[in-house]
Amino acid sequence: MNCENIKFMRVRYDIIGDIAIIKIPKRNDKEVGILIANHILSKCKKVKVVATQIKPAHGEYRVQKFEVIAGENRTETIHKESKCFFKLDINKVFFTPRLMYERIRIARLVNHGEVIVNMFAGVGTYSIVIARHSKPSIIYSIDANPDAYNYMLQNIEINKFTNTVVPILGDAREVIMRKLINIANRVLMPLPELAKAYLPYAILTLKNDGGYVHVYDVYHRNRGETINDLFNKAIRDYSKILNNKVKYFEFKLIRVTRKIGVRLYQIVMDIYIVK
Ligand SMILES: C[S@@+](CC[C@H](N)C(=O)[O-])C[C@H]1O[C@@H](n2cnc3c(N)ncnc32)[C@H](O)[C@@H]1O
């Protein structure tokens, strides 16, 4: 949904389903926020709830905290993206609409019949977009947050991918060690906080004849550094980890997925690995 009215007001916002999440400028207080929120509700008919973030993504499950400041008093919604539907509660699970391009980019890389392991699947976003736009044989979708897992179950049903997307509740490392060794053509690691620590398990789940790992990490760009310096730093770090662990690796692509703070960038690396 694209709400021109909010854009016009120059308020920073995200739309998740029918919830508008606005960023109230620091100099403005909550009352100004409520005025803006009510204006949004009156001008933008698709928005039913206006919320504002009170705590950024935190903890193991990377959940943010939002406060509803106008409209219906709820935080559950259904978000539509790339012909998929995602039911979720913004106060119980991680979700950002800002990775829409990244999800469809990955989906378009997937070859017919691939076995995929999504180590940090959330409510099923990447897995369901891949199932909708490509023809993998199976996508194992792991998440440790019981709320994310429950929404993933519902989203698999809603989008009708019960034959392709297999939801698994648990810690990705334990699940892989228990039952997903040497099976994947492609592994997704959309959790920067565990990228380096869990890379060995991504390698374990890859097939013996090799495959792709999509690693997401966060890098800080120091004063005077360019984005290319930052990419080189990431390539050096990951080469160090991979050098002693695998027979062959090649960085196929590295790009910024989103800027998440002052000189702070989330990046993705598509790495081809033969172990
Ligand atoms: C940044 S979110 C990404 C979710 C989803 N891929 C998306 O983009 O919407 C990371 C997810 O990893 C899950 N998680 C955290 N630690 C985990 C672990 N050890 N094993 C499996 N999932 C984990 C969190 O619950 C969260 O849903």
# chains A, B, ... in the order shown; residues from 1 in each chain; ligands from 1

$ select_by_dssp --residues "segment 75-214 of chain A" --states "helix (DSSP H, G or I)" --output "PyMOL selection string"
chain A and resi 97-109+125-133+146-158+172-179+192-205

$ residues_near_ligand --ligand "ligand 1" --cutoff "7 Å" --atoms "only C-alpha atoms and all ligand atoms" --output "tab-separated table (two decimals) with all heavy atoms, in the first residue's frame"
chain	number	residue	atom	x	y	z
A	60	GLU	N	16.73	-12.21	21.83
A	60	GLU	CA	16.97	-13.34	20.92
A	60	GLU	C	16.01	-13.32	19.73
A	60	GLU	O	16.39	-13.65	18.61
A	60	GLU	CB	16.78	-14.63	21.74
A	60	GLU	CG	17.07	-15.90	20.98
A	60	GLU	CD	16.63	-17.14	21.74
A	60	GLU	OE1	16.28	-17.04	22.94
A	60	GLU	OE2	16.62	-18.22	21.11
A	61	TYR	N	14.76	-12.90	19.97
A	61	TYR	CA	13.76	-13.00	18.90
A	61	TYR	C	13.67	-11.74	18.04
A	61	TYR	O	12.88	-11.67	17.11
A	61	TYR	CB	12.38	-13.31	19.50
A	61	TYR	CG	12.32	-14.58	20.30
A	61	TYR	CD1	11.40	-14.72	21.34
A	61	TYR	CD2	13.18	-15.65	20.04
A	61	TYR	CE1	11.34	-15.90	22.08
A	61	TYR	CE2	13.12	-16.82	20.79
A	61	TYR	CZ	12.20	-16.94	21.80
A	61	TYR	OH	12.14	-18.09	22.54
A	62	ARG	N	14.48	-10.72	18.35
A	62	ARG	CA	14.54	-9.47	17.57
A	62	ARG	C	13.17	-8.80	17.44
A	62	ARG	O	12.82	-8.27	16.37
A	62	ARG	CB	15.14	-9.71	16.17
A	62	ARG	CG	16.43	-10.47	16.12
A	62	ARG	CD	17.51	-9.93	17.01
A	62	ARG	NE	17.87	-8.55	16.73
A	62	ARG	CZ	18.35	-7.71	17.64
A	62	ARG	NH1	18.50	-8.09	18.90
A	62	ARG	NH2	18.66	-6.49	17.31
A	93	VAL	N	6.53	-10.57	16.95
A	93	VAL	CA	7.48	-11.18	16.01
A	93	VAL	C	8.26	-10.09	15.30
A	93	VAL	O	7.84	-8.93	15.26
A	93	VAL	CB	6.74	-12.02	14.93
A	93	VAL	CG1	5.96	-13.15	15.57
A	93	VAL	CG2	5.83	-11.15	14.07
A	94	PHE	N	9.39	-10.49	14.71
A	94	PHE	CA	10.14	-9.55	13.87
A	94	PHE	C	9.50	-9.51	12.49
A	94	PHE	O	9.20	-10.54	11.90
A	94	PHE	CB	11.59	-10.01	13.72
A	94	PHE	CG	12.35	-9.18	12.72
A	94	PHE	CD1	13.06	-8.07	13.14
A	94	PHE	CD2	12.33	-9.49	11.37
A	94	PHE	CE1	13.74	-7.28	12.21
A	94	PHE	CE2	13.01	-8.70	10.44
A	94	PHE	CZ	13.70	-7.60	10.87
A	95	PHE	N	9.30	-8.31	11.98
A	95	PHE	CA	8.91	-8.17	10.57
A	95	PHE	C	9.29	-6.78	10.10
A	95	PHE	O	9.08	-5.80	10.81
A	95	PHE	CB	7.40	-8.36	10.37
A	95	PHE	CG	7.02	-8.18	8.92
A	95	PHE	CD1	7.19	-9.20	8.01
A	95	PHE	CD2	6.53	-6.96	8.46
A	95	PHE	CE1	6.90	-9.03	6.66
A	95	PHE	CE2	6.23	-6.77	7.11
A	95	PHE	CZ	6.41	-7.81	6.21
A	96	THR	N	9.86	-6.70	8.90
A	96	THR	CA	10.06	-5.38	8.28
A	96	THR	C	9.67	-5.46	6.81
A	96	THR	O	10.08	-6.39	6.11
A	96	THR	CB	11.51	-4.86	8.42
A	96	THR	OG1	11.61	-3.64	7.66
A	96	THR	CG2	12.56	-5.83	7.91
A	99	LEU	N	12.52	-5.22	3.57
A	99	LEU	CA	13.33	-6.26	2.90
A	99	LEU	C	12.57	-6.89	1.73
A	99	LEU	O	12.96	-7.95	1.23
A	99	LEU	CB	13.76	-7.33	3.91
A	99	LEU	CG	14.80	-6.85	4.94
A	99	LEU	CD1	15.03	-7.90	6.01
A	99	LEU	CD2	16.12	-6.50	4.26
A	119	MET	N	17.34	-20.67	8.04
A	119	MET	CA	17.71	-20.90	9.45
A	119	MET	C	16.97	-19.98	10.42
A	119	MET	O	16.82	-20.32	11.59
A	119	MET	CB	19.22	-20.72	9.62
A	119	MET	CG	20.03	-21.82	8.96
A	119	MET	SD	21.82	-21.52	8.95
A	119	MET	CE	22.24	-21.61	10.68
A	120	PHE	N	16.53	-18.81	9.94
A	120	PHE	CA	15.88	-17.83	10.82
A	120	PHE	C	14.64	-17.29	10.10
A	120	PHE	O	14.63	-16.17	9.60
A	120	PHE	CB	16.87	-16.70	11.15
A	120	PHE	CG	18.22	-17.21	11.62
A	120	PHE	CD1	19.36	-17.05	10.83
A	120	PHE	CD2	18.34	-17.86	12.84
A	120	PHE	CE1	20.60	-17.53	11.26
A	120	PHE	CE2	19.57	-18.34	13.28
A	120	PHE	CZ	20.71	-18.17	12.49
A	121	ALA	N	13.60	-18.10	10.08
A	121	ALA	CA	12.51	-17.89	9.12
A	121	ALA	C	11.46	-16.87	9.54
A	121	ALA	O	10.67	-16.42	8.72
A	121	ALA	CB	11.84	-19.23	8.83
A	122	GLY	N	11.40	-16.51	10.84
A	122	GLY	CA	10.37	-15.57	11.28
A	122	GLY	C	8.98	-16.12	10.99
A	122	GLY	O	8.70	-17.30	11.21
A	123	VAL	N	8.11	-15.27	10.45
A	123	VAL	CA	6.73	-15.71	10.17
A	123	VAL	C	6.64	-16.39	8.80
A	123	VAL	O	5.56	-16.64	8.29
A	123	VAL	CB	5.72	-14.55	10.27
A	123	VAL	CG1	5.71	-13.96	11.67
A	123	VAL	CG2	5.99	-13.48	9.22
A	124	GLY	N	7.80	-16.67	8.21
A	124	GLY	CA	7.82	-17.41	6.94
A	124	GLY	C	8.04	-16.54	5.71
A	124	GLY	O	7.84	-17.00	4.58
A	125	THR	N	8.48	-15.31	5.92
A	125	THR	CA	8.56	-14.33	4.82
A	125	THR	C	9.37	-14.83	3.61
A	125	THR	O	8.81	-15.02	2.53
A	125	THR	CB	9.17	-13.02	5.34
A	125	THR	OG1	10.29	-13.33	6.15
A	125	THR	CG2	8.17	-12.24	6.17
A	126	TYR	N	10.68	-15.04	3.80
A	126	TYR	CA	11.51	-15.47	2.66
A	126	TYR	C	10.99	-16.79	2.08
A	126	TYR	O	10.90	-16.94	0.86
A	126	TYR	CB	12.96	-15.68	3.09
A	126	TYR	CG	13.80	-14.44	3.25
A	126	TYR	CD1	13.79	-13.72	4.43
A	126	TYR	CD2	14.63	-14.00	2.22
A	126	TYR	CE1	14.59	-12.59	4.59
A	126	TYR	CE2	15.43	-12.88	2.36
A	126	TYR	CZ	15.39	-12.17	3.56
A	126	TYR	OH	16.18	-11.06	3.70
A	142	ILE	N	13.09	-22.68	9.86
A	142	ILE	CA	13.31	-22.83	11.31
A	142	ILE	C	13.15	-21.48	11.99
A	142	ILE	O	13.65	-20.46	11.50
A	142	ILE	CB	14.74	-23.34	11.58
A	142	ILE	CG1	15.05	-24.57	10.72
A	142	ILE	CG2	14.95	-23.63	13.06
A	142	ILE	CD1	16.54	-24.91	10.66
A	143	ASP	N	12.47	-21.46	13.12
A	143	ASP	CA	12.51	-20.26	13.98
A	143	ASP	C	12.39	-20.68	15.44
A	143	ASP	O	11.68	-21.63	15.77
A	143	ASP	CB	11.44	-19.23	13.63
A	143	ASP	CG	11.87	-17.83	14.08
A	143	ASP	OD1	11.75	-17.52	15.29
A	143	ASP	OD2	12.38	-17.06	13.24
A	144	ALA	N	13.07	-19.92	16.30
A	144	ALA	CA	13.10	-20.25	17.73
A	144	ALA	C	11.97	-19.58	18.50
A	144	ALA	O	11.67	-19.97	19.63
A	144	ALA	CB	14.45	-19.84	18.31
A	145	ASN	N	11.36	-18.55	17.92
A	145	ASN	CA	10.30	-17.81	18.62
A	145	ASN	C	8.95	-18.53	18.41
A	145	ASN	O	8.46	-18.62	17.29
A	145	ASN	CB	10.24	-16.38	18.05
A	145	ASN	CG	9.09	-15.56	18.64
A	145	ASN	OD1	8.28	-16.06	19.41
A	145	ASN	ND2	9.04	-14.29	18.26
A	148	ALA	N	6.46	-16.54	16.37
A	148	ALA	CA	6.79	-16.48	14.94
A	148	ALA	C	6.42	-17.82	14.29
A	148	ALA	O	5.85	-17.86	13.19
A	148	ALA	CB	8.28	-16.18	14.75
A	170	GLY	N	12.50	-24.20	16.79
A	170	GLY	CA	13.70	-24.59	17.52
A	170	GLY	C	14.90	-23.74	17.18
A	170	GLY	O	14.82	-22.80	16.37
A	171	ASP	N	16.01	-24.08	17.80
A	171	ASP	CA	17.27	-23.39	17.55
A	171	ASP	C	17.89	-23.98	16.27
A	171	ASP	O	18.03	-25.20	16.15
A	171	ASP	CB	18.19	-23.62	18.75
A	171	ASP	CG	19.62	-23.21	18.46
A	171	ASP	OD1	19.83	-22.04	18.11
A	171	ASP	OD2	20.51	-24.07	18.54
A	172	ALA	N	18.24	-23.11	15.32
A	172	ALA	CA	18.70	-23.57	14.01
A	172	ALA	C	19.89	-24.53	14.13
A	172	ALA	O	19.97	-25.53	13.41
A	172	ALA	CB	19.07	-22.37	13.15
A	173	ARG	N	20.79	-24.22	15.04
A	173	ARG	CA	21.98	-25.08	15.20
A	173	ARG	C	21.56	-26.49	15.60
A	173	ARG	O	21.99	-27.48	15.01
A	173	ARG	CB	22.87	-24.46	16.27
A	173	ARG	CG	24.08	-25.29	16.63
A	173	ARG	CD	24.94	-24.60	17.65
A	173	ARG	NE	24.17	-24.14	18.81
A	173	ARG	CZ	24.67	-23.39	19.79
A	173	ARG	NH1	25.91	-22.97	19.73
A	173	ARG	NH2	23.92	-23.03	20.80
A	190	PRO	N	19.07	-15.04	7.65
A	190	PRO	CA	18.66	-13.63	7.83
A	190	PRO	C	18.63	-13.18	9.30
A	190	PRO	O	17.62	-12.68	9.79
A	190	PRO	CB	17.27	-13.59	7.19
A	190	PRO	CG	16.77	-14.99	7.24
A	190	PRO	CD	17.93	-15.92	7.39
A	191	LEU	N	19.75	-13.37	9.98
A	191	LEU	CA	19.87	-12.89	11.37
A	191	LEU	C	21.31	-12.45	11.62
A	191	LEU	O	22.17	-13.26	12.00
A	191	LEU	CB	19.46	-13.99	12.36
A	191	LEU	CG	19.61	-13.63	13.85
A	191	LEU	CD1	18.84	-12.38	14.22
A	191	LEU	CD2	19.18	-14.80	14.73

$ atom_distance --atom1 "atom CA of His79 of chain A" --atom2 "atom CA of Ser127 of chain A"
15.2 Å

$ closest_residue --among "A:Ile254, A:Val165, A:Val47, A:Leu153" --to "Val115 of chain A" --atoms "only C-alpha atoms"
A:Val165

$ atom_distance --atom1 "atom CA of Ala57 of chain A" --atom2 "atom CA of Ile21 of chain A"
14.2 Å

$ closest_residue --among "A:Ile116, A:Val218, A:Ile106, A:Met269" --to "Glu193 of chain A" --atoms "only C-alpha atoms"
A:Val218

$ residues_around --residues "segment 136-138 of chain A" --least-positions-apart "5" --cutoff "12 Å" --atoms "only C-alpha atoms" --output "VMD selection string"
chain A and resid 107 to 118 127 to 131 161 to 167 183 to 187

$ write_last_selection --atoms "N, CA, C and O atoms" --output "short mmCIF file (atom, residue, chain, number, x, y, z; two decimals), in the first residue's frame"
data_model
loop_
_atom_site.label_atom_id
_atom_site.label_comp_id
_atom_site.auth_asym_id
_atom_site.auth_seq_id
_atom_site.Cartn_x
_atom_site.Cartn_y
_atom_site.Cartn_z
N ALA A 107 14.35 -15.08 -4.11
CA ALA A 107 13.40 -16.01 -4.75
C ALA A 107 13.78 -16.24 -6.21
O ALA A 107 13.70 -17.35 -6.73
N ARG A 108 14.22 -15.18 -6.88
CA ARG A 108 14.52 -15.29 -8.32
C ARG A 108 15.82 -16.05 -8.59
O ARG A 108 16.09 -16.43 -9.72
N LEU A 109 16.63 -16.26 -7.55
CA LEU A 109 17.88 -17.01 -7.74
C LEU A 109 17.65 -18.52 -7.66
O LEU A 109 18.51 -19.31 -8.05
N VAL A 110 16.50 -18.91 -7.11
CA VAL A 110 16.27 -20.32 -6.79
C VAL A 110 15.98 -21.14 -8.05
O VAL A 110 15.14 -20.77 -8.86
N ASN A 111 16.70 -22.25 -8.19
CA ASN A 111 16.49 -23.14 -9.33
C ASN A 111 15.44 -24.20 -9.01
O ASN A 111 15.22 -24.54 -7.84
N HIS A 112 14.85 -24.72 -10.07
CA HIS A 112 13.84 -25.77 -9.97
C HIS A 112 14.36 -26.94 -9.10
O HIS A 112 15.47 -27.41 -9.31
N GLY A 113 13.56 -27.36 -8.14
CA GLY A 113 13.89 -28.57 -7.37
C GLY A 113 14.87 -28.38 -6.22
O GLY A 113 15.24 -29.34 -5.55
N GLU A 114 15.27 -27.15 -5.96
CA GLU A 114 16.25 -26.94 -4.88
C GLU A 114 15.69 -27.32 -3.50
O GLU A 114 14.50 -27.14 -3.23
N VAL A 115 16.60 -27.79 -2.65
CA VAL A 115 16.28 -27.96 -1.23
C VAL A 115 16.89 -26.75 -0.51
O VAL A 115 18.07 -26.44 -0.68
N ILE A 116 16.04 -26.07 0.27
CA ILE A 116 16.48 -24.83 0.92
C ILE A 116 16.32 -24.96 2.43
O ILE A 116 15.35 -25.54 2.91
N VAL A 117 17.29 -24.42 3.16
CA VAL A 117 17.14 -24.31 4.62
C VAL A 117 17.15 -22.83 4.97
O VAL A 117 18.11 -22.12 4.67
N ASN A 118 16.05 -22.37 5.58
CA ASN A 118 15.96 -21.00 6.07
C ASN A 118 16.16 -21.07 7.58
O ASN A 118 15.28 -21.52 8.31
N SER A 127 10.66 -17.73 2.96
CA SER A 127 10.27 -19.07 2.50
C SER A 127 9.03 -19.00 1.61
O SER A 127 8.97 -19.65 0.56
N ILE A 128 8.06 -18.21 2.04
CA ILE A 128 6.79 -18.15 1.29
C ILE A 128 6.97 -17.37 -0.01
O ILE A 128 6.44 -17.77 -1.06
N VAL A 129 7.76 -16.30 0.01
CA VAL A 129 8.02 -15.56 -1.24
C VAL A 129 8.75 -16.47 -2.23
O VAL A 129 8.44 -16.49 -3.43
N ILE A 130 9.69 -17.27 -1.73
CA ILE A 130 10.41 -18.20 -2.62
C ILE A 130 9.44 -19.23 -3.18
O ILE A 130 9.43 -19.51 -4.39
N ALA A 131 8.60 -19.80 -2.30
CA ALA A 131 7.65 -20.83 -2.76
C ALA A 131 6.70 -20.26 -3.81
O ALA A 131 6.33 -20.94 -4.77
N PHE A 161 1.02 -23.36 0.93
CA PHE A 161 2.31 -23.99 0.63
C PHE A 161 2.64 -25.11 1.61
O PHE A 161 3.80 -25.33 1.96
N THR A 162 1.59 -25.83 2.05
CA THR A 162 1.83 -26.89 3.04
C THR A 162 2.69 -28.02 2.45
O THR A 162 3.30 -28.77 3.20
N ASN A 163 2.75 -28.12 1.12
CA ASN A 163 3.59 -29.17 0.52
C ASN A 163 5.04 -28.75 0.36
O ASN A 163 5.91 -29.60 0.18
N THR A 164 5.30 -27.46 0.38
CA THR A 164 6.66 -26.98 0.07
C THR A 164 7.39 -26.45 1.30
O THR A 164 8.60 -26.65 1.44
N VAL A 165 6.68 -25.72 2.16
CA VAL A 165 7.36 -25.07 3.29
C VAL A 165 7.12 -25.89 4.56
O VAL A 165 5.99 -26.11 4.97
N VAL A 166 8.22 -26.35 5.16
CA VAL A 166 8.14 -27.19 6.37
C VAL A 166 8.57 -26.35 7.58
O VAL A 166 9.75 -26.02 7.72
N PRO A 167 7.61 -25.97 8.44
CA PRO A 167 7.96 -25.14 9.60
C PRO A 167 8.58 -25.98 10.71
O PRO A 167 8.13 -27.09 10.97
N ILE A 183 22.03 -31.64 3.17
CA ILE A 183 20.79 -31.79 2.39
C ILE A 183 20.46 -30.57 1.51
O ILE A 183 19.63 -30.65 0.62
N ALA A 184 21.11 -29.42 1.76
CA ALA A 184 20.62 -28.18 1.14
C ALA A 184 21.44 -27.72 -0.07
O ALA A 184 22.66 -27.83 -0.10
N ASN A 185 20.72 -27.19 -1.07
CA ASN A 185 21.37 -26.49 -2.19
C ASN A 185 21.60 -25.03 -1.84
O ASN A 185 22.44 -24.36 -2.44
N ARG A 186 20.77 -24.54 -0.89
CA ARG A 186 20.81 -23.10 -0.59
C ARG A 186 20.42 -22.91 0.88
O ARG A 186 19.49 -23.56 1.37
N VAL A 187 21.15 -22.01 1.56
CA VAL A 187 20.87 -21.75 2.97
C VAL A 187 20.70 -20.24 3.17
O VAL A 187 21.50 -19.45 2.68
#

$ closest_residue --among "A:Arg221, A:Arg236, A:His214, A:Lys245" --to "Glu102 of chain A" --atoms "only C-alpha atoms"
A:His214

$ residues_around --residues "Tyr272 of chain A" --least-positions-apart "6" --cutoff "6 Å" --atoms "only C-alpha atoms" --output "PyMOL selection string"
chain A and resi 211-212+249-250

$ write_last_selection --atoms "C-alpha atoms" --output "JSON list (two decimals), in the first residue's frame"
[["chain", "number", "residue", "atom", "x", "y", "z"],
["A", 211, "GLY", "CA", 25.65, -24.66, -2.81],
["A", 212, "TYR", "CA", 24.83, -21.10, -1.85],
["A", 249, "PHE", "CA", 34.30, -20.47, -1.77],
["A", 250, "GLU", "CA", 33.46, -17.52, -3.94]]

$ atom_distance --atom1 "atom CA of Cys44 of chain A" --atom2 "atom CA of Arg103 of chain A"
27.0 Å

$ decode --residues "segment 27-43 of chain A" --atoms "N, CA, C and O atoms" --output "short mmCIF file (atom, residue, chain, number, x, y, z; two decimals), in the first residue's frame"
data_model
loop_
_atom_site.label_atom_id
_atom_site.label_comp_id
_atom_site.auth_asym_id
_atom_site.auth_seq_id
_atom_site.Cartn_x
_atom_site.Cartn_y
_atom_site.Cartn_z
N ARG A 27 11.77 16.28 18.34
CA ARG A 27 11.39 17.58 18.92
C ARG A 27 9.89 17.65 19.20
O ARG A 27 9.43 18.53 19.92
N ASN A 28 9.13 16.73 18.60
CA ASN A 28 7.68 16.74 18.84
C ASN A 28 7.31 15.79 19.96
O ASN A 28 7.93 14.76 20.14
N ASP A 29 6.30 16.13 20.72
CA ASP A 29 5.90 15.23 21.80
C ASP A 29 4.78 14.31 21.31
O ASP A 29 4.37 14.33 20.16
N LYS A 30 4.31 13.47 22.25
CA LYS A 30 3.33 12.46 21.89
C LYS A 30 2.03 13.09 21.37
O LYS A 30 1.40 12.56 20.46
N GLU A 31 1.66 14.24 21.96
CA GLU A 31 0.40 14.88 21.51
C GLU A 31 0.45 15.24 20.04
O GLU A 31 -0.52 15.08 19.31
N VAL A 32 1.62 15.74 19.61
CA VAL A 32 1.78 16.05 18.18
C VAL A 32 1.66 14.76 17.38
O VAL A 32 1.01 14.71 16.32
N GLY A 33 2.26 13.68 17.92
CA GLY A 33 2.18 12.37 17.27
C GLY A 33 0.73 11.95 17.08
O GLY A 33 0.34 11.46 16.02
N ILE A 34 -0.08 12.15 18.13
CA ILE A 34 -1.49 11.74 18.05
C ILE A 34 -2.24 12.58 17.01
O ILE A 34 -3.06 12.07 16.25
N LEU A 35 -1.90 13.87 16.94
CA LEU A 35 -2.52 14.73 15.91
C LEU A 35 -2.18 14.22 14.52
O LEU A 35 -3.06 14.09 13.66
N ILE A 36 -0.89 13.90 14.31
CA ILE A 36 -0.46 13.38 13.00
C ILE A 36 -1.19 12.07 12.72
O ILE A 36 -1.70 11.84 11.63
N ALA A 37 -1.26 11.21 13.76
CA ALA A 37 -1.89 9.89 13.59
C ALA A 37 -3.35 10.03 13.19
O ALA A 37 -3.83 9.34 12.28
N ASN A 38 -4.08 10.92 13.84
CA ASN A 38 -5.50 11.10 13.51
C ASN A 38 -5.67 11.66 12.11
O ASN A 38 -6.60 11.31 11.39
N HIS A 39 -4.74 12.52 11.71
CA HIS A 39 -4.78 13.07 10.36
C HIS A 39 -4.59 11.93 9.35
O HIS A 39 -5.31 11.84 8.35
N ILE A 40 -3.62 11.05 9.64
CA ILE A 40 -3.38 9.90 8.75
C ILE A 40 -4.64 9.05 8.63
O ILE A 40 -5.07 8.68 7.54
N LEU A 41 -5.28 8.77 9.78
CA LEU A 41 -6.49 7.93 9.77
C LEU A 41 -7.60 8.56 8.93
O LEU A 41 -8.33 7.86 8.22
N SER A 42 -7.71 9.89 8.99
CA SER A 42 -8.80 10.53 8.24
C SER A 42 -8.49 10.61 6.75
O SER A 42 -9.39 10.60 5.92
N LYS A 43 -7.21 10.67 6.39
CA LYS A 43 -6.85 10.85 4.98
C LYS A 43 -6.56 9.54 4.26
O LYS A 43 -6.60 9.46 3.04
#
